[in-house]
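Visitor: model_32.txt is reproduced below (compact mmCIF, C-alpha atoms).
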```
# COMPACT_ATOMS: atom_id res chain seq x y z
CA MET A 1 12.71 43.07 -36.22
CA GLN A 2 10.98 40.25 -34.40
CA GLU A 3 12.98 38.83 -31.52
CA ARG A 4 13.78 35.15 -31.48
CA PRO A 5 12.17 33.24 -28.63
CA THR A 6 14.49 32.68 -25.72
CA SER A 7 15.72 29.11 -25.35
CA PHE A 8 15.24 27.64 -21.90
CA SER A 9 17.32 24.53 -22.56
CA ILE A 10 19.75 23.84 -19.71
CA LYS A 11 22.72 23.81 -22.11
CA ASN A 12 22.10 27.51 -22.83
CA TRP A 13 22.27 28.59 -19.19
CA SER A 14 25.35 30.08 -17.57
CA GLN A 15 27.58 27.39 -16.08
CA ASP A 16 26.74 28.43 -12.51
CA ASP A 17 23.05 27.85 -13.22
CA GLN A 18 23.41 24.44 -14.86
CA PRO A 19 22.28 21.64 -12.53
CA ARG A 20 24.46 19.05 -14.24
CA GLU A 21 27.61 21.10 -13.69
CA LYS A 22 26.52 21.96 -10.16
CA LEU A 23 26.15 18.25 -9.39
CA LEU A 24 29.48 17.44 -11.02
CA TYR A 25 31.54 20.10 -9.26
CA LYS A 26 29.66 20.70 -6.02
CA GLY A 27 28.07 17.32 -5.31
CA LYS A 28 24.55 15.92 -5.64
CA ALA A 29 23.57 16.96 -2.12
CA THR A 30 23.82 20.63 -3.10
CA LEU A 31 20.97 20.39 -5.60
CA SER A 32 17.35 20.99 -4.72
CA ASP A 33 14.69 18.45 -5.65
CA ALA A 34 13.61 20.73 -8.51
CA GLU A 35 17.17 20.95 -9.85
CA LEU A 36 17.55 17.16 -9.76
CA LEU A 37 14.27 16.77 -11.61
CA ALA A 38 15.36 19.43 -14.11
CA ILE A 39 18.40 17.31 -15.01
CA LEU A 40 16.02 14.50 -15.96
CA ILE A 41 13.77 16.57 -18.22
CA GLY A 42 16.56 18.69 -19.76
CA SER A 43 14.43 21.65 -20.84
CA GLY A 44 11.35 23.58 -19.88
CA ASN A 45 8.94 25.37 -22.19
CA ARG A 46 8.87 28.73 -23.95
CA GLU A 47 7.84 30.55 -20.80
CA GLU A 48 9.93 28.90 -18.09
CA SER A 49 13.19 27.07 -17.55
CA ALA A 50 13.41 23.40 -16.60
CA VAL A 51 14.03 24.32 -12.97
CA ALA A 52 11.11 26.78 -12.90
CA LEU A 53 8.85 24.15 -14.46
CA CYS A 54 9.99 21.54 -11.94
CA LYS A 55 9.42 23.95 -9.06
CA ARG A 56 5.87 24.41 -10.31
CA ILE A 57 5.36 20.65 -10.55
CA PHE A 58 6.63 20.18 -7.00
CA ALA A 59 4.45 23.04 -5.74
CA SER A 60 1.37 21.27 -7.15
CA VAL A 61 2.01 18.34 -4.78
CA GLY A 62 2.99 20.37 -1.74
CA ASN A 63 6.71 19.95 -2.44
CA ASN A 64 6.41 16.32 -1.40
CA LEU A 65 8.34 13.61 -3.26
CA SER A 66 5.97 10.87 -2.13
CA GLU A 67 3.00 12.78 -3.54
CA LEU A 68 4.90 13.41 -6.77
CA GLY A 69 5.43 9.67 -7.09
CA LYS A 70 1.66 9.15 -7.08
CA LEU A 71 1.09 11.24 -10.21
CA SER A 72 0.24 9.24 -13.32
CA ILE A 73 1.86 9.73 -16.71
CA ALA A 74 -1.28 11.56 -17.85
CA GLN A 75 -1.22 13.88 -14.84
CA LEU A 76 2.45 14.75 -15.41
CA MET A 77 1.70 15.51 -19.05
CA GLU A 78 -0.81 18.16 -18.00
CA PHE A 79 2.16 20.46 -17.29
CA LYS A 80 3.22 22.44 -20.35
CA GLY A 81 6.63 21.23 -21.42
CA ILE A 82 6.16 17.69 -20.09
CA GLY A 83 5.52 15.29 -22.95
CA GLU A 84 5.14 11.54 -22.74
CA ALA A 85 8.89 10.84 -22.84
CA LYS A 86 9.63 13.28 -20.00
CA ALA A 87 6.70 12.02 -17.95
CA ILE A 88 7.92 8.44 -18.32
CA THR A 89 11.45 9.51 -17.31
CA ILE A 90 10.13 11.18 -14.15
CA ALA A 91 7.96 8.17 -13.26
CA ALA A 92 10.84 5.76 -13.82
CA ALA A 93 13.23 7.79 -11.65
CA LEU A 94 10.74 7.98 -8.79
CA GLU A 95 10.06 4.24 -9.02
CA LEU A 96 13.80 3.55 -8.79
CA GLY A 97 13.94 5.69 -5.67
CA ARG A 98 11.05 3.78 -4.15
CA ARG A 99 12.70 0.44 -4.91
CA ARG A 100 16.02 1.60 -3.48
CA ARG A 101 14.30 2.50 -0.24
CA GLY A 102 12.73 -0.94 -0.11
CA GLU A 103 16.07 -2.66 -0.72
CA GLU A 104 17.79 -0.58 1.95
CA ALA A 105 15.16 -1.71 4.43
CA LEU A 106 15.58 -5.34 3.37
CA GLU A 107 19.35 -5.14 3.89
CA LYS A 108 18.71 -4.72 7.62
CA LYS A 109 17.05 -8.14 7.43
CA LYS A 110 16.63 -8.78 11.14
CA ILE A 111 13.20 -7.80 12.43
CA SER A 112 13.57 -6.32 15.88
CA SER A 113 10.32 -4.37 16.26
CA SER A 114 7.07 -3.47 14.58
CA ASN A 115 8.76 -0.31 13.30
CA SER A 116 11.35 -2.36 11.41
CA VAL A 117 8.47 -4.17 9.68
CA PHE A 118 6.93 -0.82 8.78
CA GLU A 119 10.25 0.38 7.31
CA LEU A 120 10.43 -2.77 5.21
CA MET A 121 6.87 -2.78 3.92
CA GLN A 122 5.81 0.87 3.73
CA PRO A 123 7.72 1.54 0.49
CA ILE A 124 5.98 -1.47 -1.05
CA ILE A 125 2.35 -1.08 0.03
CA GLY A 126 2.03 2.15 2.00
CA GLU A 127 1.01 4.36 -0.91
CA LEU A 128 -1.09 1.94 -2.95
CA GLU A 129 -4.68 2.78 -3.86
CA HIS A 130 -5.72 -0.87 -3.62
CA GLU A 131 -5.24 -3.39 -0.82
CA GLU A 132 -2.47 -5.99 -0.85
CA PHE A 133 -1.71 -8.72 1.68
CA TRP A 134 1.91 -9.78 2.23
CA ILE A 135 3.69 -12.36 4.38
CA ILE A 136 7.21 -11.90 5.72
CA PHE A 137 8.92 -15.23 6.39
CA LEU A 138 11.51 -15.34 9.19
CA ASN A 139 14.06 -17.83 10.48
CA ASN A 140 14.91 -18.60 14.12
CA SER A 141 16.93 -15.39 14.41
CA ASN A 142 14.00 -13.28 13.17
CA LYS A 143 15.88 -12.58 9.96
CA VAL A 144 13.89 -12.12 6.77
CA ILE A 145 14.37 -15.07 4.44
CA HIS A 146 11.55 -14.25 2.06
CA LYS A 147 8.60 -11.92 1.58
CA LYS A 148 5.67 -12.56 -0.71
CA GLN A 149 2.48 -10.91 -1.90
CA LEU A 150 -0.36 -13.34 -1.28
CA SER A 151 -3.25 -11.38 -2.61
CA LYS A 152 -4.17 -8.16 -4.33
CA GLY A 153 -7.63 -6.73 -4.08
CA GLY A 154 -9.73 -3.65 -4.51
CA ILE A 155 -10.11 -0.64 -2.27
CA THR A 156 -12.00 -2.54 0.41
CA GLY A 157 -10.15 -5.80 0.90
CA THR A 158 -8.35 -8.92 -0.24
CA LEU A 159 -8.76 -12.67 0.09
CA VAL A 160 -6.05 -14.81 1.70
CA ASP A 161 -5.60 -18.58 1.30
CA VAL A 162 -4.29 -19.94 4.63
CA ARG A 163 -3.13 -23.15 2.96
CA LEU A 164 -0.97 -21.17 0.54
CA VAL A 165 0.62 -19.27 3.43
CA LEU A 166 1.63 -22.49 5.16
CA LYS A 167 2.78 -24.10 1.92
CA ASN A 168 5.10 -21.15 1.26
CA ALA A 169 6.34 -21.16 4.86
CA LEU A 170 7.31 -24.83 4.65
CA GLU A 171 8.98 -24.36 1.28
CA VAL A 172 11.33 -21.64 2.57
CA GLY A 173 11.85 -23.22 5.99
CA ALA A 174 10.30 -20.37 7.94
CA THR A 175 9.79 -20.64 11.69
CA GLY A 176 8.06 -17.27 12.04
CA LEU A 177 5.58 -15.21 10.06
CA ILE A 178 4.62 -11.56 10.05
CA LEU A 179 1.45 -10.54 8.26
CA ALA A 180 1.14 -7.15 6.63
CA HIS A 181 -1.50 -5.42 4.59
CA ASN A 182 -2.37 -1.86 3.72
CA HIS A 183 -5.53 0.16 4.20
CA PRO A 184 -5.91 2.55 1.23
CA SER A 185 -8.55 4.44 3.22
CA GLY A 186 -5.87 5.52 5.70
CA THR A 187 -7.65 4.08 8.73
CA LEU A 188 -5.50 2.14 11.18
CA LYS A 189 -8.33 0.40 12.99
CA PRO A 190 -8.39 -3.36 12.32
CA SER A 191 -11.66 -4.73 11.02
CA GLU A 192 -13.34 -7.83 12.37
CA ALA A 193 -12.23 -9.60 9.20
CA ASP A 194 -8.62 -8.59 9.95
CA LYS A 195 -8.90 -10.05 13.45
CA GLN A 196 -10.54 -13.25 12.27
CA LEU A 197 -7.93 -13.80 9.57
CA THR A 198 -5.11 -13.23 12.06
CA ASN A 199 -6.54 -15.77 14.48
CA LYS A 200 -7.17 -18.26 11.68
CA LEU A 201 -3.57 -18.00 10.43
CA LYS A 202 -2.20 -18.18 13.97
CA THR A 203 -4.16 -21.35 14.80
CA ALA A 204 -3.13 -23.05 11.55
CA SER A 205 0.53 -22.04 11.92
CA ASP A 206 0.74 -23.19 15.54
CA SER A 207 -0.09 -26.72 14.42
CA LEU A 208 3.14 -26.69 12.36
CA ASP A 209 5.26 -25.00 15.07
CA ILE A 210 5.38 -21.81 13.02
CA LYS A 211 4.73 -18.64 15.00
CA VAL A 212 2.69 -15.71 13.74
CA LEU A 213 4.64 -12.92 15.42
CA ASP A 214 2.68 -9.87 14.31
CA HIS A 215 0.19 -8.42 11.87
CA LEU A 216 0.66 -4.87 10.67
CA ILE A 217 -1.88 -2.59 9.04
CA ILE A 218 0.13 -0.06 7.05
CA THR A 219 -0.80 3.33 5.66
CA GLU A 220 1.35 5.98 4.03
CA LYS A 221 2.79 7.41 7.25
CA ALA A 222 1.72 5.16 10.11
CA TYR A 223 0.92 1.60 11.13
CA PHE A 224 -1.04 -0.53 13.57
CA SER A 225 0.64 -3.53 15.16
CA PHE A 226 -1.42 -6.42 16.56
CA ALA A 227 1.53 -7.44 18.74
CA ASP A 228 2.06 -3.95 20.16
CA GLU A 229 -1.63 -3.79 21.04
CA SER A 230 -1.60 -7.31 22.57
CA LEU A 231 -4.05 -8.64 19.97
CA ILE A 232 -1.88 -11.58 18.99
```
Here is a file; write its structure as structure tokens.
Guide:
Amino acid sequence: MQERPTSFSIKNWSQDDQPREKLLYKGKATLSDAELLAILIGSGNREESAVALCKRIFASVGNNLSELGKLSIAQLMEFKGIGEAKAITIAAALELGRRRRGEEALEKKKISSSNSVFELMQPIIGELEHEEFWIIFLNNSNKVIHKKQLSKGGITGTLVDVRLVLKNALEVGATGLILAHNHPSGTLKPSEADKQLTNKLKTASDSLDIKVLDHLIITEKAYFSFADESLI
């Protein structure tokens, strides 16, 4: 008699092996990243359980959540057992995590150092494959009152309208500005264009008694601060 294929759906596991029950009775901190991901996808494939499949997915990106978040829907669907719906679920969950991190940084609000700017902006632009230029608008207490993307470019650069920066600053009542953009290449060395733009914005802002306090170049894991390097 031919044996029926084994079901690897989570609901058919023993209770001790079910991630949902483990989370419910033992707490979310007790679950591994693979177990948390397995809850999202619900089942694996004919050869492996959801957890085994998720462990394999994590292994493909060096067990790094940030790298997992960079995978496209198509790349996730290359894993047997991950269809479009599951891939979209994974992508949505990782995007929520990224946004939560950004909101937690914003809750701190007061900018006290270049590192606090990095914590605020890295979740937004640190992992992008194209360049974006952002302005952080501050009040007299160096508290963030607004942040705005001014331009979005290709891999090599963006264009910034100085007049638009000042218009936005006046509209929100900012007394200080911090510039931030990412380098998809990973290099932290400012280009001559970066330096020229910083000086141009600083000169224009000074005429309105608005201070340009810093300019950060941000990559996935590090940053360069014009202020820290006495370039501003």
Visitor: Would you mind telling me which residue in A:Lys70, A:Lys22, A:Lys143, A:Lys189 lies nearest to Glu95 in chain A when using only C-alpha atoms?
Guide: A:Lys70
Visitor: Tell me which of A:Pro123, A:Pro184, A:Pro190, A:Gly69 sits closest to Arg101 in chain A, counting all atoms listed in the file.
Guide: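 Looking only at the distances to Arg101 in chain A, the closest residue turns out to be A:Pro123.
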Visitor: For Asp214 in chain A, please output as a ChimeraX atom specification all residues within 9 Å (counting all atoms listed in the file; exclusion window: fewer than 6 positions along the same chain).
Guide: /A:114,177-180,198,225-228,231-232
Visitor: If I take CA of Asn63 in chain A and CA of Ala34 in chain A, how far is one from the other in Å, to one decimal?
Guide: 9.2 Å
Visitor: Could you tell me which of A:Leu65, A:Leu216, A:Ile39, A:Ile135 comes closest to Leu188 in chain A if we count all atoms listed in the file?
Guide: A:Leu216
Visitor: List the neighbours of Asn182 in chain A out to 10 Å using only C-alpha atoms; skip same-chain residues closer than 5 positions along the sequence, and give me the result as a list in words.
Guide: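 Returned residues: Met121, Gln122, Ile124, Ile125, Gly126, Glu127, Leu128, Glu129, His130, Glu131, Glu132, Phe133, Trp134, Ile155, Gly157, Thr187, Leu188, Leu216, Ile217, Ile218, Thr219, Glu220 and Tyr223 of chain A.
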Visitor: Mind pulling up the distance from CA of Ile73 in chain A to CA of Ser32 in chain A?
Guide: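 According to the coordinates, CA of Ser32 in chain A and CA of Ile73 in chain A are separated by 22.6 Å.
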Visitor: Can you tell me, as a ChimeraX atom specification, which residues sit within 12 Å of (14.1, 20.5, -2.2) in the file's frame, using only C-alpha atoms?
Guide: /A:28-37,51,54-55,58-59,62-65
Visitor: Please compute the CA of Asn45 in chain A-CA of Ile90 in chain A distance, one decimal, in Å.
Guide: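 Distance reported for this atom pair: 16.4 Å.
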